[in-house]
Amino acid sequence: MMPHVLVIGGGQNAEHQVSLASAAAVAAALRLSGHTVSTLTIDREGIWRADGLPPCASPIESLGLALPLIAEADVIFPAVHGSLGEDGALAALAALVGVRIVGSDLHAGAIGMDKWATKLVADAVGIRTARGRVISVEDIGDAEFECEVVVKPVSAGSSYGVSLVTKESELLDALRTAARFDRRILVEEVVRAREIDVAVLREAGGIRWAAPPLEIHASGLFDTATKYDGSARFTVPAQLDSAESSALQRAAIGVFDALGCAGVARMDFFLTDDGPVLNEVNTMPGLTAASQVPRMFAAAGVEYTDLVGRLVAGARVPGAVNSTYGFVGVGS
């Protein structure tokens with residue numbers, strides 16, 4: 001019997017609309033494959049909404065009314081990108097109520113959302129990252145730089161608040177832009193190289209494998225506007241030799257395991273002459289059929305409805321001890 005899946009979309013951050021699209025696509029795919037599906041939407045003010053729920057004035061009241069829907073579900077599919085969703089908040093809720101959830105648990109979600117913490121983990125396991133430092137919002141007036149830098153919020157997605165700074169007069173505005181999304185700001189040296197994404201899937205049973213890498217072709221910074229205005233091009237599989245592809249996939253699985261990810265995660269790399277340099281991690285990436293992750297798995301022969309079904313099949317109770325261990329693998 002197919003599990004009853006509760007798909008949650010929306011969220012209280014800049015990625016709200018993107019999340020709504022992911023949630024709608026996931027719910028439709030699950031229904032096509034025979035799952036019983038319910039949906040909940042978290043609006044921009046934190047109010048939980050669903051057909052049949054009475055209107056509420058506060059997040060806590062609405063969550064109380066939504067709890068019976070959560071209790072009825074066999075699996076939660078949290079298609080909420082960004083803070084108060086992808087950062088482990090919904091995984092923590094699922095853990096507290098003992099419901100299986102698709103994707104990473106609280107720990108992996110929180111660390112993966114924090115770009116500085118992710119850099120520290122990657123460096124610790126021998127995966128290179130760009131040189132950078134964190135600046136507090138209180139200190140942005142004193143910041144200086146000696147080369148081209150990328151300025152970004154430490155915890156935000158979809159490239160919101162990201163700027164390329166090529167001269168010192170641009171720095172303060174870039175820092176202020178990033179500060180709209182987080183009080184901690186990451187300033188990194190620019191890495192000029194091919195931009196390659198790799199998606200890793202953890203199957204039911206514990207086996208992890210990486211899909212064929214995808215290359216991003218964008219003129220200039222791959223920022224929010226470029227991501228969603230249709231101007232960027234993607235090549236999947238990316239045109240790589242076997243050594244480059246293997247190095248990227250090994251690095252992606254290495255980061256996935258070091259963070260303790262589950263479900264699916266997308267690792268974004270720069271491919272330099274000296275090998276991969278990790279840019280960032282997405283533990284709940286965009287999940288419409290046209291998004292980067294489903295396109296990578298389609299290149300491996302895993303179509304969209306199959307991918308979504310595999311994610312549900314691999315769902316676990318966050319924080320629960322799992323005695324089933326798999327083996328690291330590359331390829332399908």
# chains A, B, ... in the order shown; residues from 1 in each chain; ligands from 1
$ select_by_dssp --residues "region 92-306 of chain A" --states "helix (DSSP H, G or I)" --output "ChimeraX atom specification"
/A:92-97,106-113,115-124,137-142,168-179,224-228,242-259,292-299,304-306
$ residues_around --residues "Asp257 (chain A)" --least-positions-apart "2" --cutoff "10 Å" --atoms "only C-alpha atoms" --output "mmCIF file with C-alpha atoms, in the first residue's frame"
data_model
loop_
_atom_site.group_PDB
_atom_site.id
_atom_site.type_symbol
_atom_site.label_atom_id
_atom_site.label_comp_id
_atom_site.auth_asym_id
_atom_site.auth_seq_id
_atom_site.Cartn_x
_atom_site.Cartn_y
_atom_site.Cartn_z
ATOM 1 C CA ALA A 108 22.511 18.304 8.160
ATOM 2 C CA VAL A 200 23.450 12.960 -4.733
ATOM 3 C CA ARG A 202 20.348 8.404 -0.768
ATOM 4 C CA ARG A 208 24.258 6.904 -2.072
ATOM 5 C CA ALA A 251 33.628 15.147 -3.837
ATOM 6 C CA ALA A 252 29.829 15.475 -3.900
ATOM 7 C CA ILE A 253 29.312 12.174 -2.090
ATOM 8 C CA GLY A 254 32.073 13.125 0.342
ATOM 9 C CA VAL A 255 30.310 16.360 1.280
ATOM 10 C CA LEU A 259 27.223 16.675 6.499
ATOM 11 C CA GLY A 260 25.071 13.593 7.179
ATOM 12 C CA CYS A 261 22.620 14.369 4.388
ATOM 13 C CA ALA A 262 19.673 12.183 3.416
ATOM 14 C CA VAL A 328 29.220 4.728 -1.529
#
$ residues_around --residues "Asp142 (chain A)" --least-positions-apart "3" --cutoff "12 Å" --atoms "only C-alpha atoms" --output "list in words"
Ile135, Ser136, Val137, Glu138, Asp139, Phe145, Leu171, Leu172 and Leu175 of chain A
$ residues_around --residues "Thr166 (chain A)" --least-positions-apart "2" --cutoff "8 Å" --atoms "only C-alpha atoms" --output "list in words"
Cys147, Glu148, Val149, Leu164, Glu168 and Glu170 of chain A
$ closest_residue --among "A:Ala25, A:Leu271, A:Val97, A:Ala204" --to "Ser245 (chain A)" --atoms "only C-alpha atoms"
A:Leu271
$ closest_atom_pairs --of "region 70-104 of chain A" --to "region 37-46 of chain A" --cutoff "12 Å" --atoms "only C-alpha atoms" --output "JSON lines"
{"residue": "A:Ile70", "atom": "CA", "partner": "A:Leu40", "partner_atom": "CA", "distance": 9.1}
{"residue": "A:Ala71", "atom": "CA", "partner": "A:Ser38", "partner_atom": "CA", "distance": 11.6}
{"residue": "A:Glu72", "atom": "CA", "partner": "A:Ser38", "partner_atom": "CA", "distance": 9.4}
{"residue": "A:Ala73", "atom": "CA", "partner": "A:Ser38", "partner_atom": "CA", "distance": 8.1}
{"residue": "A:Asp74", "atom": "CA", "partner": "A:Val37", "partner_atom": "CA", "distance": 10.2}
{"residue": "A:Val75", "atom": "CA", "partner": "A:Val37", "partner_atom": "CA", "distance": 9.7}
{"residue": "A:Ile76", "atom": "CA", "partner": "A:Ser38", "partner_atom": "CA", "distance": 9.5}
{"residue": "A:Phe77", "atom": "CA", "partner": "A:Thr39", "partner_atom": "CA", "distance": 9.4}
{"residue": "A:Pro78", "atom": "CA", "partner": "A:Leu40", "partner_atom": "CA", "distance": 9.6}
{"residue": "A:Ala79", "atom": "CA", "partner": "A:Thr41", "partner_atom": "CA", "distance": 9.9}
{"residue": "A:Val80", "atom": "CA", "partner": "A:Ile42", "partner_atom": "CA", "distance": 8.8}
{"residue": "A:His81", "atom": "CA", "partner": "A:Ile42", "partner_atom": "CA", "distance": 11.6}
{"residue": "A:Ser83", "atom": "CA", "partner": "A:Arg44", "partner_atom": "CA", "distance": 11.7}
{"residue": "A:Leu84", "atom": "CA", "partner": "A:Gly46", "partner_atom": "CA", "distance": 9.4}
{"residue": "A:Gly85", "atom": "CA", "partner": "A:Ile42", "partner_atom": "CA", "distance": 9.8}
{"residue": "A:Leu90", "atom": "CA", "partner": "A:Ile42", "partner_atom": "CA", "distance": 11.2}
$ write_last_selection --atoms "N, CA and C atoms" --output "PDB file, in the first residue's frame"
ATOM      1  N   ILE A  70      -0.721  16.516  10.010  1.00  0.00           N
ATOM      2  CA  ILE A  70       0.618  15.960  10.165  1.00  0.00           C
ATOM      3  C   ILE A  70       0.541  14.565  10.775  1.00  0.00           C
ATOM      4  N   ALA A  71      -0.357  14.398  11.767  1.00  0.00           N
ATOM      5  CA  ALA A  71      -0.486  13.099  12.444  1.00  0.00           C
ATOM      6  C   ALA A  71      -1.037  12.017  11.516  1.00  0.00           C
ATOM      7  N   GLU A  72      -1.857  12.408  10.553  1.00  0.00           N
ATOM      8  CA  GLU A  72      -2.450  11.436   9.630  1.00  0.00           C
ATOM      9  C   GLU A  72      -1.468  10.943   8.575  1.00  0.00           C
ATOM     10  N   ALA A  73      -0.389  11.684   8.359  1.00  0.00           N
ATOM     11  CA  ALA A  73       0.533  11.357   7.269  1.00  0.00           C
ATOM     12  C   ALA A  73       1.506  10.254   7.672  1.00  0.00           C
ATOM     13  N   ASP A  74       1.846   9.411   6.709  1.00  0.00           N
ATOM     14  CA  ASP A  74       2.918   8.434   6.907  1.00  0.00           C
ATOM     15  C   ASP A  74       4.289   9.073   6.682  1.00  0.00           C
ATOM     16  N   VAL A  75       4.325  10.037   5.747  1.00  0.00           N
ATOM     17  CA  VAL A  75       5.578  10.691   5.370  1.00  0.00           C
ATOM     18  C   VAL A  75       5.306  12.173   5.124  1.00  0.00           C
ATOM     19  N   ILE A  76       6.207  13.022   5.609  1.00  0.00           N
ATOM     20  CA  ILE A  76       6.172  14.447   5.280  1.00  0.00           C
ATOM     21  C   ILE A  76       7.183  14.708   4.172  1.00  0.00           C
ATOM     22  N   PHE A  77       6.767  15.442   3.149  1.00  0.00           N
ATOM     23  CA  PHE A  77       7.675  15.872   2.087  1.00  0.00           C
ATOM     24  C   PHE A  77       7.799  17.392   2.197  1.00  0.00           C
ATOM     25  N   PRO A  78       8.884  17.888   2.842  1.00  0.00           N
ATOM     26  CA  PRO A  78       9.003  19.328   3.103  1.00  0.00           C
ATOM     27  C   PRO A  78       9.644  20.075   1.935  1.00  0.00           C
ATOM     28  N   ALA A  79       8.845  20.459   0.955  1.00  0.00           N
ATOM     29  CA  ALA A  79       9.384  21.149  -0.220  1.00  0.00           C
ATOM     30  C   ALA A  79       9.500  22.645   0.061  1.00  0.00           C
ATOM     31  N   VAL A  80      10.080  22.969   1.217  1.00  0.00           N
ATOM     32  CA  VAL A  80      10.264  24.354   1.640  1.00  0.00           C
ATOM     33  C   VAL A  80      11.752  24.662   1.546  1.00  0.00           C
ATOM     34  N   HIS A  81      12.114  25.557   0.654  1.00  0.00           N
ATOM     35  CA  HIS A  81      13.511  25.938   0.479  1.00  0.00           C
ATOM     36  C   HIS A  81      13.850  27.083   1.434  1.00  0.00           C
ATOM     37  N   SER A  83      15.377  29.294   4.796  1.00  0.00           N
ATOM     38  CA  SER A  83      15.269  29.320   6.252  1.00  0.00           C
ATOM     39  C   SER A  83      13.877  28.909   6.716  1.00  0.00           C
ATOM     40  N   LEU A  84      13.816  28.343   7.910  1.00  0.00           N
ATOM     41  CA  LEU A  84      12.590  27.813   8.522  1.00  0.00           C
ATOM     42  C   LEU A  84      11.958  26.712   7.674  1.00  0.00           C
ATOM     43  N   GLY A  85      12.803  25.995   6.971  1.00  0.00           N
ATOM     44  CA  GLY A  85      12.352  24.856   6.166  1.00  0.00           C
ATOM     45  C   GLY A  85      13.526  23.965   5.877  1.00  0.00           C
ATOM     46  N   LEU A  90      11.746  22.098   9.759  1.00  0.00           N
ATOM     47  CA  LEU A  90      10.657  21.133   9.574  1.00  0.00           C
ATOM     48  C   LEU A  90      11.104  19.721   9.938  1.00  0.00           C
TER      49      LEU A  90
END
$ select_by_dssp --residues "region 165-248 of chain A" --states "strand (DSSP E or B)" --output "PyMOL selection string"
chain A and resi 165+184-189+194-202+208-210+214-217+233-235
